[in-house]
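Data from target17.cif: mmCIF, C-alpha atoms
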```cif
data_query
#
loop_
_atom_site.label_atom_id
_atom_site.label_comp_id
_atom_site.auth_asym_id
_atom_site.auth_seq_id
_atom_site.Cartn_x
_atom_site.Cartn_y
_atom_site.Cartn_z
CA MET A 80 4.13 -23.94 -34.49
CA LYS A 81 0.79 -22.83 -35.85
CA ASP A 82 -1.02 -25.48 -33.76
CA ILE A 83 0.88 -24.42 -30.63
CA GLU A 84 0.02 -20.77 -31.12
CA SER A 85 -3.65 -21.57 -31.66
CA ALA A 86 -3.70 -23.46 -28.35
CA LEU A 87 -2.52 -20.39 -26.40
CA ASP A 88 -4.79 -18.13 -28.42
CA GLN A 89 -7.93 -19.96 -27.30
CA PRO A 90 -9.79 -17.84 -24.70
CA LEU A 91 -10.86 -19.41 -21.42
CA VAL A 92 -14.05 -17.44 -20.76
CA ASN A 93 -17.34 -18.62 -19.28
CA LEU A 94 -15.87 -21.74 -17.69
CA ARG A 95 -16.41 -23.17 -14.24
CA PRO A 96 -13.31 -22.84 -12.02
CA ARG A 97 -12.22 -26.48 -12.28
CA VAL A 98 -12.78 -26.57 -16.02
CA TRP A 99 -10.96 -23.25 -16.42
CA LYS A 100 -7.89 -24.54 -14.60
CA ALA A 101 -7.88 -27.83 -16.52
CA ARG A 102 -8.08 -25.99 -19.87
CA LEU A 103 -5.31 -23.60 -18.85
CA LEU A 104 -3.02 -26.49 -17.91
CA ASP A 105 -3.82 -28.23 -21.20
CA GLN A 106 -2.86 -25.08 -23.11
CA VAL A 107 0.42 -24.75 -21.26
CA ARG A 108 1.38 -28.39 -21.77
CA THR A 109 1.32 -27.94 -25.56
CA GLU A 110 4.74 -26.30 -25.21
CA GLY A 111 5.67 -26.32 -21.56
CA GLU A 112 4.96 -27.76 -18.16
CA ALA A 113 2.58 -27.34 -15.25
CA TYR A 114 3.25 -27.91 -11.56
CA GLU A 115 0.86 -28.43 -8.66
CA LEU A 116 2.18 -26.71 -5.53
CA GLY A 117 -0.19 -27.76 -2.78
CA GLN A 118 -3.80 -26.76 -2.30
CA ARG A 119 -3.61 -23.03 -3.06
CA HIS A 120 -0.84 -22.69 -5.65
CA PHE A 121 0.24 -23.99 -9.03
CA ALA A 122 2.71 -22.90 -11.69
CA THR A 123 2.87 -22.93 -15.47
CA LEU A 124 5.95 -22.68 -17.67
CA VAL A 125 5.84 -21.89 -21.39
CA ASN A 126 9.19 -22.11 -23.17
CA ARG A 127 9.78 -19.98 -26.23
CA GLY A 128 12.42 -17.28 -26.40
CA PRO A 129 15.51 -16.22 -24.43
CA THR A 130 13.57 -13.67 -22.33
CA LEU A 131 11.72 -15.13 -19.35
CA LEU A 132 8.85 -13.31 -17.66
CA VAL A 133 8.15 -14.58 -14.15
CA SER A 134 4.73 -13.32 -13.11
CA PHE A 135 2.78 -13.83 -9.92
CA GLU A 136 -0.99 -13.75 -10.30
CA THR A 137 -4.15 -14.84 -8.51
CA ILE A 138 -6.89 -16.93 -10.09
CA GLN A 139 -9.34 -14.16 -9.29
CA GLY A 140 -7.14 -11.49 -10.87
CA ILE A 141 -6.62 -13.51 -14.04
CA ARG A 142 -10.34 -14.08 -14.49
CA THR A 143 -11.18 -10.42 -13.78
CA LEU A 144 -8.47 -8.45 -15.56
CA SER A 145 -7.91 -10.50 -18.71
CA ASP A 146 -10.48 -10.48 -21.51
CA SER A 147 -9.34 -13.99 -22.42
CA GLN A 148 -9.12 -15.04 -18.72
CA GLN A 149 -5.55 -16.17 -19.25
CA PRO A 150 -2.45 -15.11 -17.30
CA LEU A 151 -1.28 -11.59 -18.16
CA GLY A 152 2.06 -12.97 -19.31
CA PHE A 153 0.43 -14.84 -22.18
CA GLU A 154 0.27 -11.56 -24.11
CA MET A 155 4.07 -11.34 -24.00
CA VAL A 156 4.32 -14.99 -25.08
CA ARG A 157 2.09 -14.36 -28.09
CA LYS A 158 3.41 -10.96 -29.15
CA LYS A 159 7.07 -11.16 -28.16
CA SER A 160 7.74 -14.92 -28.14
CA TRP A 161 8.93 -14.63 -24.56
CA SER A 162 9.08 -17.59 -22.24
CA HIS A 163 6.75 -17.33 -19.25
CA LEU A 164 6.77 -18.79 -15.76
CA CYS A 165 3.53 -17.99 -13.94
CA LEU A 166 2.98 -18.64 -10.23
CA ILE A 167 -0.76 -18.68 -9.54
CA SER A 168 -2.51 -18.54 -6.17
CA ASN A 169 -6.11 -19.07 -5.15
CA GLY A 170 -6.71 -15.78 -3.38
CA ASP A 171 -4.16 -13.46 -1.83
CA THR A 172 -1.64 -15.74 -0.15
CA TRP A 173 1.52 -13.67 -0.63
CA PHE A 174 2.86 -17.09 -1.79
CA ARG A 175 3.95 -17.87 1.76
CA ASP A 176 3.96 -21.64 1.36
CA ASP A 177 6.63 -24.30 1.86
CA GLU A 178 5.77 -25.94 -1.46
CA VAL A 179 6.36 -22.66 -3.29
CA TYR A 180 9.73 -22.31 -1.53
CA ALA A 181 10.65 -25.87 -2.51
CA PHE A 182 9.64 -25.17 -6.13
CA PHE A 183 12.04 -22.24 -6.32
CA ASP A 184 14.73 -24.34 -4.68
CA ARG A 185 14.35 -26.86 -7.51
CA LEU A 186 14.50 -24.10 -10.13
CA ILE A 187 17.71 -22.80 -8.57
CA ASP A 188 19.26 -26.27 -8.28
CA ASP A 189 18.39 -27.06 -11.90
CA GLY A 190 19.83 -23.75 -13.12
CA ILE A 191 16.58 -22.88 -14.89
CA PHE A 192 17.04 -19.11 -14.70
CA GLU A 193 20.59 -19.35 -16.01
CA GLY A 194 19.24 -20.65 -19.30
CA TYR A 195 17.68 -17.29 -20.24
CA ASP A 196 19.35 -14.12 -21.47
CA LYS A 197 16.99 -11.91 -19.46
CA VAL A 198 14.63 -12.56 -16.56
CA VAL A 199 11.89 -10.13 -15.50
CA PHE A 200 9.82 -10.62 -12.33
CA TYR A 201 6.40 -8.95 -12.18
CA GLY A 202 3.47 -8.72 -9.78
CA ALA A 203 0.96 -6.35 -8.17
CA GLY A 204 -0.12 -6.06 -4.53
CA SER A 205 0.42 -9.36 -2.75
CA CYS A 206 1.84 -10.65 -6.03
CA GLY A 207 4.15 -7.62 -6.17
CA TYR A 208 5.48 -8.65 -2.78
CA ALA A 209 6.12 -12.15 -4.20
CA ALA A 210 7.82 -10.82 -7.33
CA ALA A 211 10.27 -8.91 -5.17
CA ALA A 212 10.73 -11.66 -2.59
CA PHE A 213 11.37 -14.54 -5.00
CA SER A 214 13.51 -12.51 -7.43
CA VAL A 215 16.47 -13.47 -5.24
CA ALA A 216 16.29 -16.86 -6.99
CA ALA A 217 17.48 -15.24 -10.23
CA PRO A 218 20.40 -12.86 -9.51
CA GLY A 219 20.64 -10.10 -12.10
CA ALA A 220 16.92 -10.09 -12.87
CA SER A 221 14.80 -6.99 -13.34
CA VAL A 222 11.77 -6.56 -11.11
CA ILE A 223 8.56 -4.59 -11.53
CA ALA A 224 6.37 -4.53 -8.41
CA LEU A 225 3.11 -2.57 -8.27
CA GLN A 226 2.00 -1.51 -4.79
CA PRO A 227 4.01 -4.28 -3.10
CA GLN A 228 3.98 -4.87 0.61
CA ALA A 229 7.46 -5.10 2.09
CA THR A 230 6.28 -7.55 4.76
CA LEU A 231 3.18 -8.21 6.82
CA ASP A 232 5.15 -9.03 9.95
CA PRO A 233 3.22 -7.03 12.59
CA ARG A 234 6.45 -6.27 14.42
CA MET A 235 7.45 -4.12 11.44
CA THR A 236 4.21 -3.04 9.82
CA GLU A 237 1.65 -2.93 12.59
CA TRP A 238 0.46 0.35 11.05
CA ASP A 239 -1.00 -1.60 8.08
CA ASP A 240 -4.43 -2.76 9.22
CA ARG A 241 -5.62 -4.05 5.83
CA PHE A 242 -4.52 -7.69 6.08
CA THR A 243 -5.05 -8.66 9.71
CA GLU A 244 -5.88 -12.24 8.71
CA MET A 245 -2.23 -12.68 7.61
CA ARG A 246 -0.65 -11.64 10.91
CA ARG A 247 -0.04 -15.22 12.00
CA THR A 248 1.68 -16.04 8.71
CA ALA A 249 5.45 -16.09 8.94
CA PHE A 250 7.22 -13.33 7.02
CA ASP A 251 10.54 -13.68 8.83
CA ASP A 252 11.75 -16.96 7.34
CA ARG A 253 12.80 -17.89 3.80
CA PHE A 254 12.07 -15.38 1.02
CA GLY A 255 10.63 -13.22 3.79
CA TYR A 256 11.46 -9.51 3.83
CA ALA A 257 10.93 -8.42 0.23
CA PRO A 258 13.24 -5.34 0.17
CA ASP A 259 16.22 -7.44 1.27
CA MET A 260 15.47 -10.03 -1.41
CA LEU A 261 15.97 -7.34 -4.07
CA ASP A 262 19.66 -6.96 -3.26
CA ALA A 263 20.49 -9.57 -5.92
CA ALA A 264 18.42 -7.89 -8.63
CA ASP A 265 20.01 -5.83 -11.37
CA ARG A 266 17.27 -3.20 -11.17
CA ALA A 267 13.88 -3.04 -9.48
CA PHE A 268 10.98 -0.65 -9.94
CA VAL A 269 8.31 -0.07 -7.30
CA LEU A 270 5.18 1.68 -8.58
CA TYR A 271 2.68 3.34 -6.25
CA ASP A 272 0.29 6.26 -5.90
CA PRO A 273 1.60 8.60 -3.18
CA GLY A 274 -2.01 9.48 -2.41
CA GLN A 275 -2.45 5.94 -1.04
CA ARG A 276 -0.88 6.33 2.40
CA LEU A 277 -0.23 2.69 3.30
CA ASP A 278 1.11 1.84 -0.17
CA THR A 279 3.47 4.79 0.14
CA MET A 280 4.71 3.66 3.54
CA HIS A 281 5.50 0.22 2.15
CA ALA A 282 7.21 1.75 -0.89
CA THR A 283 9.49 3.71 1.44
CA LEU A 284 10.75 0.45 2.94
CA PHE A 285 12.02 -0.58 -0.51
CA ALA A 286 14.61 2.22 -0.61
CA ARG A 287 17.72 0.56 -2.04
CA PRO A 288 20.46 1.71 -4.44
CA ASN A 289 19.11 -0.57 -7.18
CA VAL A 290 15.43 0.30 -6.60
CA THR A 291 13.63 3.11 -8.42
CA ARG A 292 10.33 4.20 -6.95
CA LEU A 293 7.90 5.46 -9.59
CA ARG A 294 4.93 7.57 -8.54
CA MET A 295 1.57 7.25 -10.28
CA ARG A 296 -0.24 10.22 -8.78
CA HIS A 297 -4.04 10.25 -8.82
CA MET A 298 -4.23 6.69 -10.15
CA GLY A 299 -5.68 5.10 -7.02
CA SER A 300 -5.40 1.70 -5.39
CA GLU A 301 -5.64 -0.54 -8.46
CA LEU A 302 -2.61 0.39 -10.53
CA GLN A 303 -2.48 -2.89 -12.44
CA ALA A 304 -6.03 -2.35 -13.74
CA ARG A 305 -5.15 1.21 -14.73
CA LEU A 306 -2.03 0.13 -16.64
CA ILE A 307 -4.05 -2.52 -18.46
CA GLU A 308 -6.78 -0.01 -19.34
CA MET A 309 -4.19 2.39 -20.76
CA ARG A 310 -2.46 -0.51 -22.57
CA LEU A 311 0.84 0.35 -20.90
CA LEU A 312 1.67 -2.92 -19.16
CA PRO A 313 3.25 -4.67 -22.19
CA ARG A 314 5.33 -1.57 -22.90
CA LEU A 315 6.46 -1.41 -19.27
CA LEU A 316 7.57 -5.05 -19.30
CA THR A 317 9.32 -4.65 -22.65
CA LEU A 318 11.31 -1.64 -21.47
CA ALA A 319 12.40 -3.55 -18.37
CA ALA A 320 13.45 -6.56 -20.45
CA GLU A 321 15.48 -4.35 -22.79
CA ASP A 322 17.13 -2.45 -19.90
CA MET A 323 15.57 0.76 -21.20
CA LEU A 324 13.19 1.55 -18.34
CA THR A 325 14.14 4.84 -16.70
CA GLU A 326 12.24 7.44 -14.69
CA GLY A 327 12.12 9.73 -17.70
CA GLU A 328 10.86 7.02 -20.03
CA PHE A 329 8.27 5.91 -17.51
CA TYR A 330 6.81 9.37 -17.03
CA ARG A 331 6.77 9.96 -20.79
CA MET A 332 4.82 6.74 -21.14
CA LEU A 333 2.48 7.78 -18.32
CA ARG A 334 1.29 10.78 -20.31
CA ALA A 335 -1.31 8.35 -21.62
CA ARG A 336 -3.22 8.98 -18.38
CA ARG A 337 -4.43 12.27 -19.88
CA ALA A 338 -6.91 10.10 -21.82
CA SER A 339 -7.88 8.06 -18.74
CA SER A 340 -11.29 8.94 -17.32
CA HIS A 341 -10.27 7.36 -14.01
CA TYR A 342 -7.25 9.63 -13.70
CA LEU A 343 -9.15 12.74 -14.73
CA LEU A 344 -11.93 12.09 -12.23
CA MET A 345 -9.46 11.47 -9.40
CA LEU A 346 -7.58 14.65 -10.29
CA ARG A 347 -10.85 16.59 -10.29
CA ASN A 348 -11.70 15.17 -6.85
CA HIS A 349 -8.28 16.28 -5.62
CA LEU A 350 -8.81 19.84 -6.89
CA GLU A 351 -12.27 20.03 -5.33
CA HIS A 352 -10.97 18.72 -2.01
CA HIS A 353 -8.30 21.42 -1.97
CA GLU A 354 -10.81 24.12 -3.06
CA ARG A 355 -9.20 25.01 -6.37
CA PRO A 356 -12.25 25.87 -8.53
CA TYR A 357 -10.21 27.85 -11.07
CA LEU A 358 -7.97 24.88 -11.86
CA GLU A 359 -10.92 22.52 -11.64
CA THR A 360 -12.71 24.54 -14.31
CA LEU A 361 -9.67 24.40 -16.59
CA LEU A 362 -9.45 20.64 -16.09
CA CYS A 363 -13.12 20.05 -16.88
CA ARG A 364 -12.97 22.22 -19.98
CA ASN A 365 -9.89 20.47 -21.29
CA ALA A 366 -11.17 16.98 -20.55
CA ILE A 367 -14.65 17.26 -22.03
CA ALA A 368 -13.23 18.85 -25.18
CA ARG A 369 -11.42 15.54 -25.74
CA LEU A 370 -13.49 12.90 -23.96
CA PRO A 371 -17.23 12.35 -23.35
CA ILE A 372 -17.11 12.21 -19.55
CA ARG A 373 -20.56 13.16 -18.27
CA ARG A 374 -19.49 13.61 -14.66
CA LEU A 375 -17.00 16.27 -15.72
CA GLN A 376 -19.61 17.93 -17.94
CA ARG A 377 -22.04 18.13 -15.01
CA ARG A 378 -19.32 19.42 -12.72
CA LEU A 379 -18.36 22.11 -15.23
CA GLU A 380 -21.96 23.29 -15.30
CA GLN A 381 -21.94 23.48 -11.48
CA LEU A 382 -18.70 25.46 -11.53
CA GLN A 383 -20.09 27.85 -14.13
CA GLN A 384 -23.13 28.46 -11.92
CA LEU A 385 -20.89 29.09 -8.89
CA ALA A 386 -18.80 31.54 -10.91
CA ALA A 387 -21.95 33.35 -12.08
CA GLU A 388 -22.97 33.72 -8.44
CA GLY A 389 -19.62 35.31 -7.63
CA ALA A 390 -18.13 32.40 -5.69
CA PHE A 391 -14.88 32.65 -7.67
CA ARG A 392 -13.46 34.32 -10.75
CA PRO A 393 -13.44 31.77 -13.60
CA PRO A 394 -10.68 31.46 -16.18
CA PRO A 395 -11.34 33.41 -19.38
CA ASP A 396 -13.00 31.66 -22.26
CA VAL A 397 -10.65 30.55 -24.99
CA PRO A 398 -11.81 31.60 -28.49
CA THR A 399 -12.54 28.67 -30.78
#
```
How does the structure come out when it is put into structure tokens?
Amino acid sequence: MKDIESALDQPLVNLRPRVWKARLLDQVRTEGEAYELGQRHFATLVNRGPTLLVSFETIQGIRTLSDSQQPLGFEMVRKKSWSHLCLISNGDTWFRDDEVYAFFDRLIDDGIFEGYDKVVFYGAGSCGYAAAAFSVAAPGASVIALQPQATLDPRMTEWDDRFTEMRRTAFDDRFGYAPDMLDAADRAFVLYDPGQRLDTMHATLFARPNVTRLRMRHMGSELQARLIEMRLLPRLLTLAAEDMLTEGEFYRMLRARRASSHYLLMLRNHLEHHERPYLETLLCRNAIARLPIRRLQRRLEQLQQLAAEGAFRPPPDVPT
């Protein structure tokens, strides 16, 4: 087992794309299998414990977000001894490919998902769409989808002008409309920032009795990166696998954003936009007392100058 663990622990940094993929497949084959699914997709399966994480990721996302340039699910394999099925695309494809459909057909026919005590589907953005859409292959699974699109069928979402290159891709055939595919899930969680208008509109389409929509206010358009920065993603997946993820638990966990410079800067921008200098001053004072954020320090100095000029009444100083 020690040799197997060392294979997955080997980082895949500073490698050319072809070499990176070959090394990744070699690592996986030490205790699992790899599958080529056409020109733009492949899959890896690592078998360990009775919990299976099914993640959807892009090559570009893996090589950008992971320090080791390995699939995000590898952390759960190493730390929790979970099993891990990773569907990987070259670019944002939304996994709309006949070979991907056929792969899931084989998994269903072989009863692969039935061999695990718990199955968790995960993805973000186009991969969040896929996590929701393909979760129908494993009835009773839990699903975590960050900023998922419900569909890119222009007849339903013509208001979303971000992915016009996908408008000729079929989203009305198999594994098509992601919200409907969640009907077989035990529970699903859709995470989004309500300040991102198009993400919010898609999240609304996921309204289902078994779907909980979780708002990450002032966290922006890259929620997966923010969760990784705050080291919350493994905790989120663990709670889902243990059937302990609730709204209350999620928002308690999200208190970690108070130490996130990204969150604090976005909140400050929100307060400035809505002309709330009093609250903005309180925020800047609180933040720079805990964190060395120069932009907030400079902004506090500007606010203090405005207050001295009579532009607004500042909050009283707190004795130290």
A:Leu316, A:Met245, A:Ala257, A:Ala264 ranked by distance to Val156 of chain A, top pick (using all atoms listed in the file): A:Leu316
Computed interatomic separation between atom CA of Ala263 of chain A and atom CA of Phe200 of chain A (Å): 12.5 Å
Top pick for closest residue to Asp88 of chain A, considering A:Arg310, A:Arg294, A:Arg157, A:Arg364 and counting all atoms listed in the file: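 Closest to Asp88 of chain A, using all atoms listed in the file: A:Arg157.
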Contacts of Leu344 of chain A within 8 Å, all atoms listed in the file, excl. fewer than 4 positions in-chain, as a ChimeraX atom specification: /A:340,348,375
Surrounding residues of Leu116 of chain A excluding itself and chain neighbours under 5 positions, 12 Å, all atoms listed in the file, as a VMD selection string: chain A and resid 121 to 123 166 to 169 174 to 183
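Of the listed residues A:Gly152, A:Gly299, A:Gly389, A:Pro258, the one whose atoms come nearest to Gly274 of chain A is A:Gly299, with distances taken using all atoms listed in the file.
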Residues matched by the PyMOL selection byres ((chain A and resi 212) around 6) as a list in words: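 With the PyMOL selection byres ((chain A and resi 212) around 6) on this model, the match is Ala209, Ala210, Ala211, Phe213, Ser214, Phe254, Ala257 and Met260 of chain A.
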Selection near Pro227 of chain A, 6 Å with only C-alpha atoms, sequence-local residues under 6 positions removed, as a list in words: Gly204, Gly207 and Tyr208 of chain A
Within 10 Å of segment 327-338 of chain A using all atoms listed in the file, minus same-chain residues under 4 positions, as a VMD selection string: chain A and resid 293 to 295 297 to 298 305 to 306 308 to 311 314 to 315 318 323 342 to 343 365 to 366 369 to 370
Separation of atom CA of Asp196 of chain A from atom CA of Ala282 of chain A, in Å and rounded to one decimal: 28.7 Å
Chain and number of each residue from the PyMOL selection byres ((chain A and resi 361) around 12), as a list of chain:residue names: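 On this input, the PyMOL selection byres ((chain A and resi 361) around 12) captures A:Leu343, A:Leu346, A:Arg347, A:Leu350, A:Arg355, A:Pro356, A:Tyr357, A:Leu358, A:Glu359, A:Thr360, A:Leu362, A:Cys363, A:Arg364, A:Asn365, A:Ala366, A:Ile367, A:Ala368, A:Leu375, A:Gln376, A:Arg378, A:Leu379, A:Leu382, A:Gln383, A:Pro393, A:Pro394, A:Pro395, A:Asp396, A:Val397.
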Would you output that residue set with C-alpha atoms, as an mmCIF file, in the coordinates of the input?
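Done, and the output landed in again15.cif:
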```cif
data_model
loop_
_atom_site.group_PDB
_atom_site.id
_atom_site.type_symbol
_atom_site.label_atom_id
_atom_site.label_comp_id
_atom_site.auth_asym_id
_atom_site.auth_seq_id
_atom_site.Cartn_x
_atom_site.Cartn_y
_atom_site.Cartn_z
ATOM 1 C CA LEU A 343 -9.150 12.740 -14.730
ATOM 2 C CA LEU A 346 -7.580 14.650 -10.290
ATOM 3 C CA ARG A 347 -10.850 16.590 -10.290
ATOM 4 C CA LEU A 350 -8.810 19.840 -6.890
ATOM 5 C CA ARG A 355 -9.200 25.010 -6.370
ATOM 6 C CA PRO A 356 -12.250 25.870 -8.530
ATOM 7 C CA TYR A 357 -10.210 27.850 -11.070
ATOM 8 C CA LEU A 358 -7.970 24.880 -11.860
ATOM 9 C CA GLU A 359 -10.920 22.520 -11.640
ATOM 10 C CA THR A 360 -12.710 24.540 -14.310
ATOM 11 C CA LEU A 362 -9.450 20.640 -16.090
ATOM 12 C CA CYS A 363 -13.120 20.050 -16.880
ATOM 13 C CA ARG A 364 -12.970 22.220 -19.980
ATOM 14 C CA ASN A 365 -9.890 20.470 -21.290
ATOM 15 C CA ALA A 366 -11.170 16.980 -20.550
ATOM 16 C CA ILE A 367 -14.650 17.260 -22.030
ATOM 17 C CA ALA A 368 -13.230 18.850 -25.180
ATOM 18 C CA LEU A 375 -17.000 16.270 -15.720
ATOM 19 C CA GLN A 376 -19.610 17.930 -17.940
ATOM 20 C CA ARG A 378 -19.320 19.420 -12.720
ATOM 21 C CA LEU A 379 -18.360 22.110 -15.230
ATOM 22 C CA LEU A 382 -18.700 25.460 -11.530
ATOM 23 C CA GLN A 383 -20.090 27.850 -14.130
ATOM 24 C CA PRO A 393 -13.440 31.770 -13.600
ATOM 25 C CA PRO A 394 -10.680 31.460 -16.180
ATOM 26 C CA PRO A 395 -11.340 33.410 -19.380
ATOM 27 C CA ASP A 396 -13.000 31.660 -22.260
ATOM 28 C CA VAL A 397 -10.650 30.550 -24.990
#
```
Residues within 9 Å of Tyr256 of chain A, only C-alpha atoms, excluding chain neighbours under 4 positions, as JSON, numbers by chain: {"A": [208, 212, 229, 230, 231, 232, 250, 251, 252, 260]}
Interatomic distance, atom CA of Asp171 of chain A to atom CA of Ser205 of chain A (Å, one decimal):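 Straight-line distance from atom CA of Asp171 of chain A to atom CA of Ser205 of chain A works out to 6.2 Å.
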Hits from the PyMOL selection byres ((chain A and resi 194) around 12), listed as number ranges by chain: A: 126-131, 162, 186-187, 189-193, 195-198, 217
Using the file's own x, y and z axes, so that the box edges lie along x, y and z, what centre and edge lengths in Å (one decimal) does a box around every listed atom of segment 105-115 of chain A get when 4 Å is added on each side? Give it as AutoDock Vina command-line options.
```
--center_x 0.9 --center_y -26.6 --center_z -17.1 --size_x 17.5 --size_y 11.7 --size_z 24.9
```
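Closest approach to Asp146 of chain A among A:Pro288, A:Gly202, A:Pro371, A:Pro90 is made by A:Pro90 (distances from all atoms listed in the file).
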Counting all atoms listed in the file, the option among A:Arg119, A:Tyr271, A:Asp262, A:Glu380 closest to Ala224 of chain A: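 Result for the nearest residue to Ala224 of chain A: A:Tyr271.
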Among listed residues A:Ala249, A:Met345, A:Arg287, A:Asp239, nearest Asp272 of chain A (using all atoms listed in the file):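 Of all the options, A:Met345 lies closest to Asp272 of chain A.
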Reconstructed all heavy atoms for segment 277-284 of chain A, given as a tab-separated table (two decimals), keeping the file's coordinate frame:
```tsv
chain	number	residue	atom	x	y	z
A	277	LEU	N	-0.86	3.94	2.89
A	277	LEU	CA	-0.23	2.69	3.30
A	277	LEU	C	0.67	2.14	2.19
A	277	LEU	O	1.75	1.60	2.47
A	277	LEU	CB	-1.29	1.66	3.71
A	277	LEU	CG	-2.12	2.05	4.93
A	277	LEU	CD1	-3.17	0.99	5.22
A	277	LEU	CD2	-1.23	2.26	6.15
A	278	ASP	N	0.24	2.26	0.94
A	278	ASP	CA	1.11	1.84	-0.17
A	278	ASP	C	2.41	2.64	-0.17
A	278	ASP	O	3.49	2.10	-0.42
A	278	ASP	CB	0.39	2.03	-1.51
A	278	ASP	CG	-0.71	1.00	-1.73
A	278	ASP	OD1	-0.74	-0.01	-1.01
A	278	ASP	OD2	-1.54	1.23	-2.64
A	279	THR	N	2.29	3.93	0.12
A	279	THR	CA	3.47	4.79	0.14
A	279	THR	C	4.42	4.40	1.27
A	279	THR	O	5.65	4.40	1.09
A	279	THR	CB	3.04	6.26	0.30
A	279	THR	OG1	2.18	6.62	-0.78
A	279	THR	CG2	4.25	7.19	0.30
A	280	MET	N	3.88	4.05	2.41
A	280	MET	CA	4.71	3.66	3.54
A	280	MET	C	5.48	2.37	3.22
A	280	MET	O	6.66	2.24	3.54
A	280	MET	CB	3.85	3.50	4.80
A	280	MET	CG	3.27	4.83	5.29
A	280	MET	SD	2.01	4.66	6.58
A	280	MET	CE	3.02	4.18	7.97
A	281	HIS	N	4.81	1.43	2.58
A	281	HIS	CA	5.50	0.22	2.15
A	281	HIS	C	6.57	0.54	1.11
A	281	HIS	O	7.69	0.01	1.17
A	281	HIS	CB	4.52	-0.80	1.58
A	281	HIS	CG	3.81	-1.62	2.61
A	281	HIS	ND1	4.42	-2.66	3.28
A	281	HIS	CD2	2.54	-1.56	3.08
A	281	HIS	CE1	3.57	-3.21	4.13
A	281	HIS	NE2	2.41	-2.55	4.04
A	282	ALA	N	6.25	1.40	0.15
A	282	ALA	CA	7.21	1.75	-0.89
A	282	ALA	C	8.47	2.35	-0.29
A	282	ALA	O	9.59	2.10	-0.78
A	282	ALA	CB	6.58	2.73	-1.89
A	283	THR	N	8.33	3.12	0.78
A	283	THR	CA	9.49	3.71	1.44
A	283	THR	C	10.44	2.65	1.96
A	283	THR	O	11.67	2.83	1.93
A	283	THR	CB	9.03	4.62	2.59
A	283	THR	OG1	8.18	5.65	2.08
A	283	THR	CG2	10.22	5.27	3.28
A	284	LEU	N	9.91	1.52	2.40
A	284	LEU	CA	10.75	0.45	2.94
A	284	LEU	C	11.60	-0.22	1.86
A	284	LEU	O	12.55	-0.93	2.17
A	284	LEU	CB	9.88	-0.61	3.63
A	284	LEU	CG	9.09	-0.13	4.85
A	284	LEU	CD1	8.21	-1.24	5.40
A	284	LEU	CD2	10.04	0.37	5.94
```
